[in-house]
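Structure record follows, encoded as structure tokens.
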There are 2 protein chains.
Amino acid sequence: MKLEKLVGDRYKERPNGCTAESHALMLRGGYIKAVASGIYSAYPPLRKITRKIETIIREEMDAIGGQEVTFPVVMPATLWQESGRYDSIGAEMARFYDRNGAGLVLGMTHEEAAVQLVREYANTYAKYPFMIYQIQTKFRDEARPRGGLIRVREFTMKDAYSFHTSQADLEEFYAACHKAYENIYRRVSLPEVISVAADSGMMGGRVSHEFMFLTPIGEDSIALCGNCDFSANLEAADCIIQNTPDPISEELKPVHTPGAKTIEDVCTFLNLPKEKSCKAVVYQCEDDSLVVLFIRGDIEVNETKLRNFLGCEIRPAALDENSALSAGYIGPYGLNSDCMVLFDRSLSGSNNLCCGANKPEYHYTGLDLERDLSGVKYHDFAKAIDGGFCPKCGQKTLKLSRGIEVGNIFQLGDKYTKTMGMTYSDQNGETKTPIMGCYGIGVGRLAASICEAHRDDFGPIWPLSVAPWQVHLCAVRADDPAVRQTADKLYQALQDATVEVIYDDRPVSAGAMFADADLLGVPLRVIVSPRNIQNNCVELVTRDKSQRATSPVNEALAAIQKMLNALK
Amino acid sequence: MKLEKLVGDRYKERPNGCTAESHALMLRGGYIKAVASGIYSAYPPLRKITRKIETIIREEMDAIGGQEVTFPVVMPATLWQESGRYDSIGAEMARFYDRNGAGLVLGMTHEEAAVQLVREYANTYAKYPFMIYQIQTKFRDEARPRGGLIRVREFTMKDAYSFHTSQADLEEFYAACHKAYENIYRRVSLPEVISVAADSGMMGGRVSHEFMFLTPIGEDSIALCGNCDFSANLEAADCIIQNTPDPISEELKPVHTPGAKTIEDVCTFLNLPKEKSCKAVVYQCEDDSLVVLFIRGDIEVNETKLRNFLGCEIRPAALDENSALSAGYIGPYGLNSDCMVLFDRSLSGSNNLCCGANKPEYHYTGLDLERDLSGVKYHDFAKAIDGGFCPKCGQKTLKLSRGIEVGNIFQLGDKYTKTMGMTYSDQNGETKTPIMGCYGIGVGRLAASICEAHRDDFGPIWPLSVAPWQVHLCAVRADDPAVRQTADKLYQALQDATVEVIYDDRPVSAGAMFADADLLGVPLRVIVSPRNIQNNCVELVTRDKSQRATSPVNEALAAIQKMLNALK
């Protein structure tokens with residue numbers, strides 16, 4: 001098509017308030033327009049990119065036996081009540097009522113709809129395994145949309161659901177889907193995406209993986225081992241701490257610590273390293289009961305682990321002067337409270353710790369938990385630390401990185417099939433409950449990640465497999481009859497050869513033309529200009545400027561096709 | 001793919017409560033499953049059909065210069081307040097609030113979003129004309145979903161929006177889009193779809209057309225002329241009545257009509273034809289004010305015309321004994337009321353009419369409106385009648401038919417651009433308001449209409465252009481090694497030739513196999529059976545059973561491809 005007819009504006013100024021470069025470039029290049037917070041319309045170039053991504057995803061899902069279906073965007077509340085998620089999911093799910101007062105929800109994922117679609121069909125073992133998927137609009141009322149297409153409220157997602165009669169069968173398909181995801185990332189030119197063990201969160205199930213595109217602007221923290229292949233979302237990474245006790249356990253004794261309320265204050269006052277302190281962190285459960293968690297002073301709490309351990313939502317407790325707990329002075333020894341008390345394993349094997357003395361302005365020193373308390377049990381509630389021990393190889397080679405989650409896969413087990421009463425007859429005629437896996441990829445976020453990975457200061461550098469067009473044809477000075485004739489002819493020849501081409505024959509300067517071409521990021525630029533025409537040639541430049549060539553005019557089509565093939 | 005892995009059940013029994021055959025067949029054939037009233041999931045065969053329909057629509061939109069974009073499903077209420085439709089549209093629009101209390105709506109159409117996307121871009125005449133479109137999920141909270149996919153609440157729609165600087169330019173594009181729609185219906189094998197003049201309803205604008213698939217189960221009534229090319233939705237069809245007055249106008253006089261309240265009663269009592277009666281129909285406006293409409297006794301009111309005339313919503317009035325109007329005895333002469341009084345032109349040119357006398361149990365005879373009242377003005381508020389006069393050629397050749405609306409196109413004018421403040425600079429630098437057209441097609445309803453048009457008692461007969469597969473390969477008695485070997489080899493050969501094939505090698509009877517094939521409606525069936533193998537041939541049958549052939553096994557692929565070409 002002709003660039004002058006392309007709907008959408010391109011401009012030079014970097015818009016304010018963009019934390020992600022892809023966000024700024026997609027605004028500047030006429031790819032997106034915000035309609036509300038976290039809700040965007042897509043201009044034609046982005047729609048072309050997402051259609052190509054969707055085609056790649058579809059091909060890879062079909063290749064592992066996936067069958068495309070459609071679930072509704074709007075679902076009855078009753079369906080989500082069957083699984084229990086109508087109540088367990090919070091404000092991120094949009095809920096409303098129809099004209100007859102029936103409750104409806106907007107789909108943020110479709111496990112319930114998948115079970116509803118197949119629970120009568122898949123009533124015998126012979127129907128298993130199978131996988132169904134769709135590519136469709138979802139809505140999640142995110143509290144903090146950000147980064148353009150990286151975290152939005154409305155998005156297009158490929159969501160797939162597999163059904164199995166055994167864990168082994170689920171694991172086999174899960175591995176095949178993992179491989180299909182790797183194919184997808186490779187084909188869209190994000191081969192550096194890694195899969196990490198993940199926490200299953202609201203989805204349920206035990207085993208899950210996230211596919212992470214590593215980038216400093218990522219919202220997720222990931223623990224990676226520099227020595228072995230261990231990788232996990234920080235939420236799911238075991239924290240390994242090795243304490244070496246002091247040779248002599250000192251006596252437990254109270255110390256007057258006037259005004260020292262924080263771990264920093266206390267350790268400075270007592271001249272102790274933070275590793276030698278036992279910190280109290282207090283949480284409040286949904287039922288308002290309190291949980292006191294003791295953890296080594298230099299280590300942070302991983303709230304996801306605590307939430308999973310307790311099986312309920314938690315929030316930091318608000319303690320005031322009337323509370324039974326003395327905020328700033330809470331310690332495990334002599335704690336006179338009926339609230340739940342937990343110990344992180346970062347405290348295990350240590351001694352001579354300082355801790356709160358459960359009365360204002362006093363702390364203990366010389367705490368030895370195993371000696372001073374009876375029946376202490378340790379659990380892992382800690383955030384893994386940069387430079388810490390790898391849970392897999394045991395080396396002190398753990399690194400924390402940031403990443404964008406560009407896909408996830410879950411072994412759901414029977415969470416949905418059981419609650420929703422889906423069963424089948426096995427070989428012996430016995431009634432059994434099938435198990436499920438689910439597999440998601442957000443299309444828009446993937447497009448944004450590709451942009452993050454492939455760009456320069458002037459715009460995106462779209463990989464050929466997802467580029468909105470293959471060739472950007474620039475007619476510099478199209479008012480020159482020779483330029484006009486050559487460029488028009490080449491435009492026609494490219495179209496006849498089914499090369500996707502955008503043709504810029506506007507009466508603008510070469511600089512303005514090339515700036516627009518940079519923003520559209522088409523892999524191969526072909527320039528017809530008075531100077532080139534004098535030499536009877538056209539100029540070919542890749543978008544990343546790494547390859548430049550000239551070709552005689554009458555060999556231009558072949559030269560373009562050859563260069564495109566090299567870009568594949 | 002193999003039929004035994006196809007997700008979805010097929011069954012013989014016609015489900016209860018289906019008014020449309022396509023509804024029954026789509027349930028029986030494993031195409032759809034209801035999730036809630038008017039909300040369906042699609043099984044793989046339907047998804048394959050809708051994808052092919054979407055591709056055809058996309059190609060035709062691209063061919064007239066359409067640029068594909070994406071608008072959000074969820075839009076802020078503020079956007080719809082800009083156009084005024086947030087308030088003017090009733091319960092059919094789903095409204096809800098996000099976690100911060102901001103109002104949101106679900107898109108039922110996207111005029112507002114289209115203007116929002118382009119109003120900065122299209123700021124100068126040189127950017128015009130252009131058209132943007134999307135294919136996306138919509139939600140309308142229909143009061144009475146029915147007929148399976150024919151009237152639903154959630155549906156996939158192609159919606160397109162064009163922008164112009166002159167009415168002539170809009171009309172030119174409108175005509176091109178009309179032609180593109182004809183191409184679409186022809187390509188999906190619904191060439192009998194006709195376009196009819198329509199009422200623009202909530203969309204605004206003056207000129208609009210509906211594309212109607214004529215079928216007795218259609219919800220719309222259409223007026224067609226048997227003599228000329230006139231066609232219109234009944235809502236938009238002028239009603240032409242020719243009255244011949246009696247030679248002598250009788251005296252207006254009251255008659256005691258005990259118990260006669262309806263037009264039937266009165267005319268029977270007075271021994272008059274209904275054409276000689278003046279009926280009163282009373283409506284209530286949104287502000288509860290009353291409107292009395294007088295119309296010839298045998299003619300029905302077209303409420304759409306009345307609504308458009310009044311510019312507000314109306315409902316039949318509930319009159320009780322305390323009302324100033326004597327229900328059953330309301331007449332134009334001596335009507336003592338301050339409500340609005342309207343006259344339909346079906347009363348024009350008549351005399352010697354009977355009508356209510358505005359007191360219980362009394363009517364007048366001998367009414368001559370022009371003689372007895374002053375300043376009577378007639379308007380067209382009547383439903384056109386079967387056998388009535390054609391508004392175009394004037395012949396008494398009007399026929400009423402029923403149809404399903406499978407597309408619509410509107411000349412919107414400046415309704416949205418004006419309210420939403422979209423302007424451009426014209427050639428002289430003057431600020432002008434552009435005008436718009438919009439163009440919709442529902443994908444699922446189109447699939448259902450194709451099914452209605454192409455079916456027999458045993459299932460759909462999908463046209464090749466939209467069929468879920470091209471070939472249905474049946475291996476009857478696949479336990480026979482010769483059948484198995486031949487069928488497997490043919491399955492592979494068809495796949496290698498990129499023929500879309502579904503392969504049934506289940507150990508079921510030929511009867512069960514063919515019943516399933518009928519329900520899946522694939523255009524060409526290929527049968528490998530022990531009897532055929534004995535003759536070293538395979539059997540080819542079109543789904544409609546009109547063509548049968550046998551082919552030697554080693555020429556089967558060529559024979560299949562030839563027969564498929566003939567079905568194109």
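For the structure tokens, the naming scheme is as follows: chains receive sequential letters (A, B, ...) according to their order of presentation, residues are indexed from 1 within each chain, and ligands are indexed from 1 in presentation order.
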Go through chain A residue by residue and, counting only C-alpha atoms, keep those with an atom at most 8 Å from chain B; for each kept residue give the shortest atom pair and its distance in Å to one decimal, ordered by chain and increasing number, as CSV.
```
residue,atom,partner,partner_atom,distance
A:Glu4,CA,B:Lys127,CA,7.6
A:Lys5,CA,B:Lys127,CA,6.7
A:Leu6,CA,B:Gln67,CA,7.9
A:Val7,CA,B:Tyr121,CA,7.2
A:Gly8,CA,B:Tyr121,CA,5.8
A:Asp9,CA,B:Tyr121,CA,5.8
A:Lys33,CA,B:Leu117,CA,6.7
A:Val35,CA,B:Met75,CA,7.1
A:Ala36,CA,B:Pro76,CA,6.4
A:Ile39,CA,B:Pro72,CA,6.7
A:Tyr40,CA,B:Pro72,CA,6.4
A:Ser41,CA,B:Phe71,CA,4.6
A:Ala42,CA,B:Thr70,CA,4.9
A:Tyr43,CA,B:Val69,CA,5.1
A:Pro44,CA,B:Val69,CA,5.0
A:Leu46,CA,B:Val69,CA,7.9
A:Arg47,CA,B:Val69,CA,5.6
A:Lys48,CA,B:Glu68,CA,7.8
A:Gln67,CA,B:Pro44,CA,6.0
A:Glu68,CA,B:Pro44,CA,5.5
A:Val69,CA,B:Pro44,CA,5.0
A:Thr70,CA,B:Ala42,CA,4.9
A:Phe71,CA,B:Ser41,CA,4.6
A:Pro72,CA,B:Ser41,CA,5.9
A:Val73,CA,B:Thr137,CA,7.6
A:Val74,CA,B:Glu154,CA,7.3
A:Met75,CA,B:Val35,CA,7.1
A:Pro76,CA,B:Ala36,CA,6.4
A:Ala91,CA,B:Arg99,CA,6.0
A:Glu92,CA,B:Arg99,CA,7.5
A:Ala94,CA,B:Asp98,CA,6.9
A:Arg95,CA,B:Phe96,CA,7.3
A:Phe96,CA,B:Phe96,CA,5.6
A:Tyr97,CA,B:Ala94,CA,7.9
A:Asp98,CA,B:Asp141,CA,6.7
A:Arg99,CA,B:Ala91,CA,6.0
A:Ala113,CA,B:Val35,CA,7.9
A:Gln116,CA,B:Val35,CA,7.8
A:Leu117,CA,B:Lys33,CA,6.7
A:Val118,CA,B:Gly8,CA,7.2
A:Tyr121,CA,B:Asp9,CA,5.8
A:Lys127,CA,B:Lys5,CA,6.7
A:Phe130,CA,B:Lys5,CA,7.3
A:Thr137,CA,B:Val73,CA,7.6
A:Phe139,CA,B:Val74,CA,7.9
A:Asp141,CA,B:Asp98,CA,6.7
A:Ala143,CA,B:Arg99,CA,7.6
A:Glu154,CA,B:Pro72,CA,7.2
```
- [ ] Among the residues of range 16-132 of chain B, find those DSSP assigns to alpha helix (DSSP H) from the backbone and print them as JSON, numbers by chain.
- [x] {"B": [21, 22, 23, 24, 25, 26, 27, 28, 44, 45, 46, 47, 48, 49, 50, 51, 52, 53, 54, 55, 56, 57, 58, 59, 60, 61, 62, 63, 77, 78, 79, 80, 81, 82, 83, 85, 86, 87, 88, 111, 112, 113, 114, 115, 116, 117, 118]}
Output N, CA and C atoms for every residue in the selection just made, as a compact mmCIF listing (two decimals), in the first residue's frame.
```txt
# COMPACT_ATOMS: atom_id res chain seq x y z
N GLU B 21 -33.77 -24.46 11.66
CA GLU B 21 -33.11 -25.74 11.36
C GLU B 21 -31.60 -25.63 11.57
N SER B 22 -31.02 -24.48 11.23
CA SER B 22 -29.56 -24.32 11.42
C SER B 22 -29.20 -24.48 12.88
N HIS B 23 -30.08 -24.03 13.77
CA HIS B 23 -29.84 -24.18 15.20
C HIS B 23 -29.79 -25.67 15.56
N ALA B 24 -30.81 -26.40 15.11
CA ALA B 24 -30.87 -27.84 15.41
C ALA B 24 -29.66 -28.57 14.82
N LEU B 25 -29.33 -28.26 13.58
CA LEU B 25 -28.22 -28.98 12.92
C LEU B 25 -26.87 -28.62 13.56
N MET B 26 -26.72 -27.37 13.99
CA MET B 26 -25.45 -26.98 14.61
C MET B 26 -25.28 -27.61 15.99
N LEU B 27 -26.40 -27.85 16.66
CA LEU B 27 -26.32 -28.59 17.93
C LEU B 27 -26.03 -30.07 17.65
N ARG B 28 -26.80 -30.66 16.71
CA ARG B 28 -26.66 -32.09 16.42
C ARG B 28 -25.30 -32.42 15.83
N PRO B 44 -14.61 -27.07 17.05
CA PRO B 44 -13.67 -26.88 15.92
C PRO B 44 -14.31 -26.76 14.54
N PRO B 45 -15.34 -27.55 14.18
CA PRO B 45 -15.86 -27.39 12.80
C PRO B 45 -16.40 -25.98 12.53
N LEU B 46 -17.10 -25.40 13.51
CA LEU B 46 -17.62 -24.05 13.30
C LEU B 46 -16.48 -23.04 13.24
N ARG B 47 -15.46 -23.23 14.08
CA ARG B 47 -14.34 -22.28 14.05
C ARG B 47 -13.65 -22.30 12.69
N LYS B 48 -13.57 -23.50 12.09
CA LYS B 48 -12.97 -23.58 10.76
C LYS B 48 -13.84 -22.82 9.74
N ILE B 49 -15.15 -22.96 9.86
CA ILE B 49 -16.06 -22.26 8.96
C ILE B 49 -15.95 -20.75 9.15
N THR B 50 -15.98 -20.29 10.39
CA THR B 50 -15.94 -18.83 10.61
C THR B 50 -14.60 -18.25 10.18
N ARG B 51 -13.51 -19.02 10.34
CA ARG B 51 -12.22 -18.49 9.87
C ARG B 51 -12.23 -18.30 8.36
N LYS B 52 -12.85 -19.24 7.63
CA LYS B 52 -12.90 -19.08 6.18
C LYS B 52 -13.78 -17.89 5.79
N ILE B 53 -14.89 -17.72 6.50
CA ILE B 53 -15.74 -16.56 6.23
C ILE B 53 -14.97 -15.27 6.52
N GLU B 54 -14.24 -15.26 7.64
CA GLU B 54 -13.48 -14.07 8.00
C GLU B 54 -12.42 -13.74 6.94
N THR B 55 -11.80 -14.77 6.39
CA THR B 55 -10.79 -14.55 5.36
C THR B 55 -11.42 -13.92 4.11
N ILE B 56 -12.58 -14.43 3.74
CA ILE B 56 -13.28 -13.87 2.56
C ILE B 56 -13.65 -12.41 2.81
N ILE B 57 -14.18 -12.13 3.99
CA ILE B 57 -14.56 -10.75 4.32
C ILE B 57 -13.34 -9.84 4.29
N ARG B 58 -12.25 -10.32 4.91
CA ARG B 58 -11.00 -9.54 4.96
C ARG B 58 -10.50 -9.22 3.55
N GLU B 59 -10.50 -10.23 2.69
CA GLU B 59 -10.03 -10.01 1.31
C GLU B 59 -10.87 -8.96 0.60
N GLU B 60 -12.18 -9.02 0.78
CA GLU B 60 -13.04 -8.05 0.10
C GLU B 60 -12.91 -6.65 0.69
N MET B 61 -12.68 -6.57 1.99
CA MET B 61 -12.47 -5.24 2.60
C MET B 61 -11.13 -4.66 2.15
N ASP B 62 -10.10 -5.51 2.13
CA ASP B 62 -8.78 -5.03 1.66
C ASP B 62 -8.86 -4.57 0.20
N ALA B 63 -9.67 -5.28 -0.58
CA ALA B 63 -9.76 -4.98 -2.02
C ALA B 63 -10.35 -3.59 -2.28
N ALA B 77 -16.98 4.69 29.49
CA ALA B 77 -18.29 5.32 29.32
C ALA B 77 -18.14 6.73 28.75
N THR B 78 -17.07 7.41 29.14
CA THR B 78 -16.87 8.80 28.68
C THR B 78 -16.85 8.89 27.16
N LEU B 79 -16.30 7.87 26.51
CA LEU B 79 -16.23 7.89 25.04
C LEU B 79 -17.64 7.87 24.44
N TRP B 80 -18.52 7.08 25.04
CA TRP B 80 -19.89 6.99 24.54
C TRP B 80 -20.74 8.17 24.99
N GLN B 81 -20.27 8.86 26.03
CA GLN B 81 -20.97 10.08 26.43
C GLN B 81 -20.68 11.20 25.43
N GLU B 82 -19.50 11.16 24.82
CA GLU B 82 -19.17 12.18 23.82
C GLU B 82 -20.18 12.20 22.68
N SER B 83 -20.59 11.02 22.22
CA SER B 83 -21.53 10.95 21.10
C SER B 83 -22.98 11.06 21.57
N ARG B 85 -24.54 8.55 22.92
CA ARG B 85 -25.19 7.23 22.90
C ARG B 85 -25.16 6.51 24.25
N TYR B 86 -24.28 6.96 25.16
CA TYR B 86 -24.29 6.32 26.48
C TYR B 86 -25.68 6.45 27.10
N ASP B 87 -26.32 7.59 26.85
CA ASP B 87 -27.65 7.80 27.41
C ASP B 87 -28.77 7.35 26.48
N SER B 88 -28.54 7.44 25.17
CA SER B 88 -29.65 7.16 24.26
C SER B 88 -29.87 5.67 24.03
N GLU B 111 -18.42 3.14 16.30
CA GLU B 111 -18.31 4.47 15.68
C GLU B 111 -17.47 5.39 16.55
N GLU B 112 -17.74 5.41 17.86
CA GLU B 112 -17.02 6.30 18.77
C GLU B 112 -15.52 5.96 18.77
N ALA B 113 -15.21 4.67 18.84
CA ALA B 113 -13.81 4.26 18.88
C ALA B 113 -13.12 4.60 17.57
N ALA B 114 -13.84 4.49 16.46
CA ALA B 114 -13.25 4.81 15.15
C ALA B 114 -12.89 6.30 15.09
N VAL B 115 -13.81 7.14 15.53
CA VAL B 115 -13.53 8.58 15.53
C VAL B 115 -12.37 8.89 16.48
N GLN B 116 -12.38 8.25 17.65
CA GLN B 116 -11.30 8.48 18.62
C GLN B 116 -9.94 8.12 18.02
N LEU B 117 -9.91 7.04 17.24
CA LEU B 117 -8.62 6.57 16.68
C LEU B 117 -8.06 7.54 15.64
N VAL B 118 -8.92 8.17 14.86
CA VAL B 118 -8.42 8.93 13.70
C VAL B 118 -8.62 10.44 13.79
```
- [ ] Could you pull out the residues in range 81-207 of chain B that DSSP calls strand (DSSP E or B) from the backbone, as number ranges by chain?
- [x] B: 95-97, 103-106, 124, 130-139, 146, 151, 154-164, 194-197
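Using only C-alpha atoms, the nearest neighbour of Ser221 in chain B within the list B:Thr156, B:Lys432, B:Pro530, B:Ala198 is B:Ala198.
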Open item on the list: Report as a ChimeraX atom specification all protein, DNA and RNA residues lying within 10 Å of range 513-521 of chain A, evaluated on only C-alpha atoms, omitting residues in the same chain fewer than 5 positions from it.
Closed with: /A:3,9-12,25-31,45-46,451,454-464,467-476,502,504-508,527,542-544
May I have the selected residues written with N, CA and C atoms, as a short mmCIF file (atom, residue, chain, number, x, y, z; two decimals), in the first residue's frame?
```
data_model
loop_
_atom_site.label_atom_id
_atom_site.label_comp_id
_atom_site.auth_asym_id
_atom_site.auth_seq_id
_atom_site.Cartn_x
_atom_site.Cartn_y
_atom_site.Cartn_z
N LEU A 3 2.17 4.66 1.52
CA LEU A 3 2.33 5.21 2.86
C LEU A 3 1.42 6.41 3.09
N ASP A 9 -0.44 8.49 12.72
CA ASP A 9 0.60 9.52 12.64
C ASP A 9 1.92 9.00 13.18
N ARG A 10 3.01 9.48 12.60
CA ARG A 10 4.34 9.20 13.13
C ARG A 10 4.98 10.54 13.52
N TYR A 11 5.72 10.53 14.62
CA TYR A 11 6.35 11.78 15.05
C TYR A 11 7.65 11.52 15.77
N LYS A 12 8.42 12.59 15.93
CA LYS A 12 9.79 12.47 16.39
C LYS A 12 9.93 12.53 17.91
N LEU A 25 8.06 3.89 21.26
CA LEU A 25 8.17 3.70 19.81
C LEU A 25 6.82 3.35 19.19
N MET A 26 5.99 2.60 19.91
CA MET A 26 4.68 2.25 19.35
C MET A 26 3.75 3.46 19.29
N LEU A 27 3.93 4.40 20.21
CA LEU A 27 3.18 5.66 20.10
C LEU A 27 3.73 6.50 18.95
N ARG A 28 5.07 6.64 18.92
CA ARG A 28 5.69 7.50 17.90
C ARG A 28 5.48 6.97 16.49
N GLY A 29 5.39 5.65 16.35
CA GLY A 29 5.32 5.04 15.02
C GLY A 29 3.91 4.80 14.51
N GLY A 30 2.89 5.24 15.29
CA GLY A 30 1.51 5.03 14.83
C GLY A 30 1.08 3.58 14.89
N TYR A 31 1.41 2.92 16.01
CA TYR A 31 1.01 1.52 16.20
C TYR A 31 -0.19 1.41 17.14
N PRO A 45 -0.42 -0.95 11.20
CA PRO A 45 0.86 -1.69 11.26
C PRO A 45 0.89 -2.72 12.40
N LEU A 46 0.34 -2.35 13.56
CA LEU A 46 0.34 -3.31 14.67
C LEU A 46 -0.58 -4.49 14.36
N CYS A 451 9.62 -5.79 20.00
CA CYS A 451 10.06 -4.40 19.80
C CYS A 451 11.17 -4.03 20.78
N HIS A 454 14.34 -5.77 19.51
CA HIS A 454 14.83 -5.39 18.18
C HIS A 454 14.49 -3.94 17.88
N ARG A 455 15.38 -3.04 18.24
CA ARG A 455 15.11 -1.62 18.02
C ARG A 455 16.43 -0.85 18.09
N ASP A 456 16.38 0.38 17.60
CA ASP A 456 17.47 1.30 17.86
C ASP A 456 16.84 2.63 18.26
N ASP A 457 17.63 3.67 18.29
CA ASP A 457 17.08 4.95 18.76
C ASP A 457 16.00 5.50 17.83
N PHE A 458 15.95 4.96 16.61
CA PHE A 458 15.06 5.57 15.61
C PHE A 458 13.76 4.81 15.39
N GLY A 459 13.69 3.62 15.95
CA GLY A 459 12.45 2.87 15.79
C GLY A 459 12.65 1.38 15.98
N PRO A 460 11.56 0.62 15.81
CA PRO A 460 11.66 -0.84 15.91
C PRO A 460 12.41 -1.38 14.69
N ILE A 461 12.99 -2.56 14.85
CA ILE A 461 13.61 -3.27 13.73
C ILE A 461 12.90 -4.61 13.65
N TRP A 462 11.75 -4.63 13.00
CA TRP A 462 10.92 -5.85 13.04
C TRP A 462 11.59 -7.02 12.32
N PRO A 463 11.63 -8.17 12.96
CA PRO A 463 12.09 -9.37 12.25
C PRO A 463 11.15 -9.66 11.08
N LEU A 464 11.70 -10.24 10.03
CA LEU A 464 10.91 -10.47 8.82
C LEU A 464 9.63 -11.26 9.10
N ALA A 467 7.10 -8.70 10.58
CA ALA A 467 7.11 -7.30 10.11
C ALA A 467 5.80 -6.96 9.41
N PRO A 468 5.33 -5.72 9.58
CA PRO A 468 4.07 -5.33 8.94
C PRO A 468 4.15 -5.41 7.41
N TRP A 469 5.31 -5.09 6.87
CA TRP A 469 5.57 -5.28 5.44
C TRP A 469 6.98 -5.85 5.32
N GLN A 470 7.29 -6.39 4.17
CA GLN A 470 8.64 -6.92 3.96
C GLN A 470 9.57 -5.86 3.40
N VAL A 471 9.01 -5.01 2.53
CA VAL A 471 9.84 -4.01 1.84
C VAL A 471 9.22 -2.63 2.01
N HIS A 472 10.07 -1.66 2.31
CA HIS A 472 9.65 -0.26 2.37
C HIS A 472 10.30 0.45 1.18
N LEU A 473 9.49 0.77 0.20
CA LEU A 473 10.00 1.38 -1.04
C LEU A 473 9.90 2.90 -0.94
N CYS A 474 11.06 3.55 -1.00
CA CYS A 474 11.10 5.02 -0.92
C CYS A 474 11.41 5.61 -2.29
N ALA A 475 10.50 6.44 -2.77
CA ALA A 475 10.77 7.20 -4.00
C ALA A 475 11.14 8.61 -3.57
N VAL A 476 12.46 8.86 -3.47
CA VAL A 476 12.94 10.20 -3.08
C VAL A 476 12.85 11.11 -4.30
N ILE A 502 5.29 -1.48 1.30
CA ILE A 502 4.71 -0.17 1.57
C ILE A 502 5.51 0.84 0.76
N ASP A 504 6.39 4.68 -0.33
CA ASP A 504 6.37 6.08 0.07
C ASP A 504 6.75 6.94 -1.13
N ASP A 505 5.75 7.56 -1.73
CA ASP A 505 6.04 8.46 -2.86
C ASP A 505 5.57 9.88 -2.54
N ARG A 506 5.59 10.20 -1.24
CA ARG A 506 5.13 11.53 -0.84
C ARG A 506 6.17 12.60 -1.20
N PRO A 507 5.73 13.81 -1.41
CA PRO A 507 6.67 14.89 -1.71
C PRO A 507 7.29 15.44 -0.43
N VAL A 508 8.06 14.61 0.26
CA VAL A 508 8.73 15.06 1.48
C VAL A 508 10.23 14.83 1.30
N ILE A 527 15.54 2.18 -2.01
CA ILE A 527 15.52 3.62 -2.28
C ILE A 527 15.72 3.89 -3.76
N THR A 542 19.17 -2.76 4.81
CA THR A 542 18.37 -3.41 5.84
C THR A 542 18.04 -2.37 6.91
N ARG A 543 16.95 -2.60 7.61
CA ARG A 543 16.50 -1.64 8.63
C ARG A 543 17.56 -1.42 9.71
N ASP A 544 18.31 -2.46 10.03
CA ASP A 544 19.33 -2.29 11.07
C ASP A 544 20.61 -1.67 10.53
#
```
- [ ] Might you pull out every residue within 10 Å of range 352-364 of chain A, with only C-alpha atoms counted and same-chain residues fewer than 4 positions away left off, and present them as a ChimeraX atom specification?
- [x] /A:245-261,263,266-267,270,272-280,294,296-297,324-336,347,368-369
Task: Proximity to Thr304 in chain A - best of A:Ser546, A:Asn565, A:Ser425, A:Asn233, only C-alpha atoms - done: A:Asn233
Open item on the list: I'd like the contact shell of Asp229 in chain A - 12 Å cut-off, only C-alpha atoms, skipping same-chain residues fewer than 6 positions apart - returned as a PyMOL selection string.
Closed with: chain A and resi 194-197+223+390-395+397-399
- [ ] Work out how far apart CA of Gly444 in chain B and CA of Arg14 in chain B are and give it in Å to one decimal.
- [x] 21.0 Å
TODO: Name the residues in contact with range 171-178 of chain A at a cut-off of 9 Å, using only C-alpha atoms, excluding same-chain residues fewer than 5 positions from it; report them as number ranges by chain.
DONE: A: 60-61, 64, 129, 162, 164, 166, 183, 195, 209, 409-411, 437-439
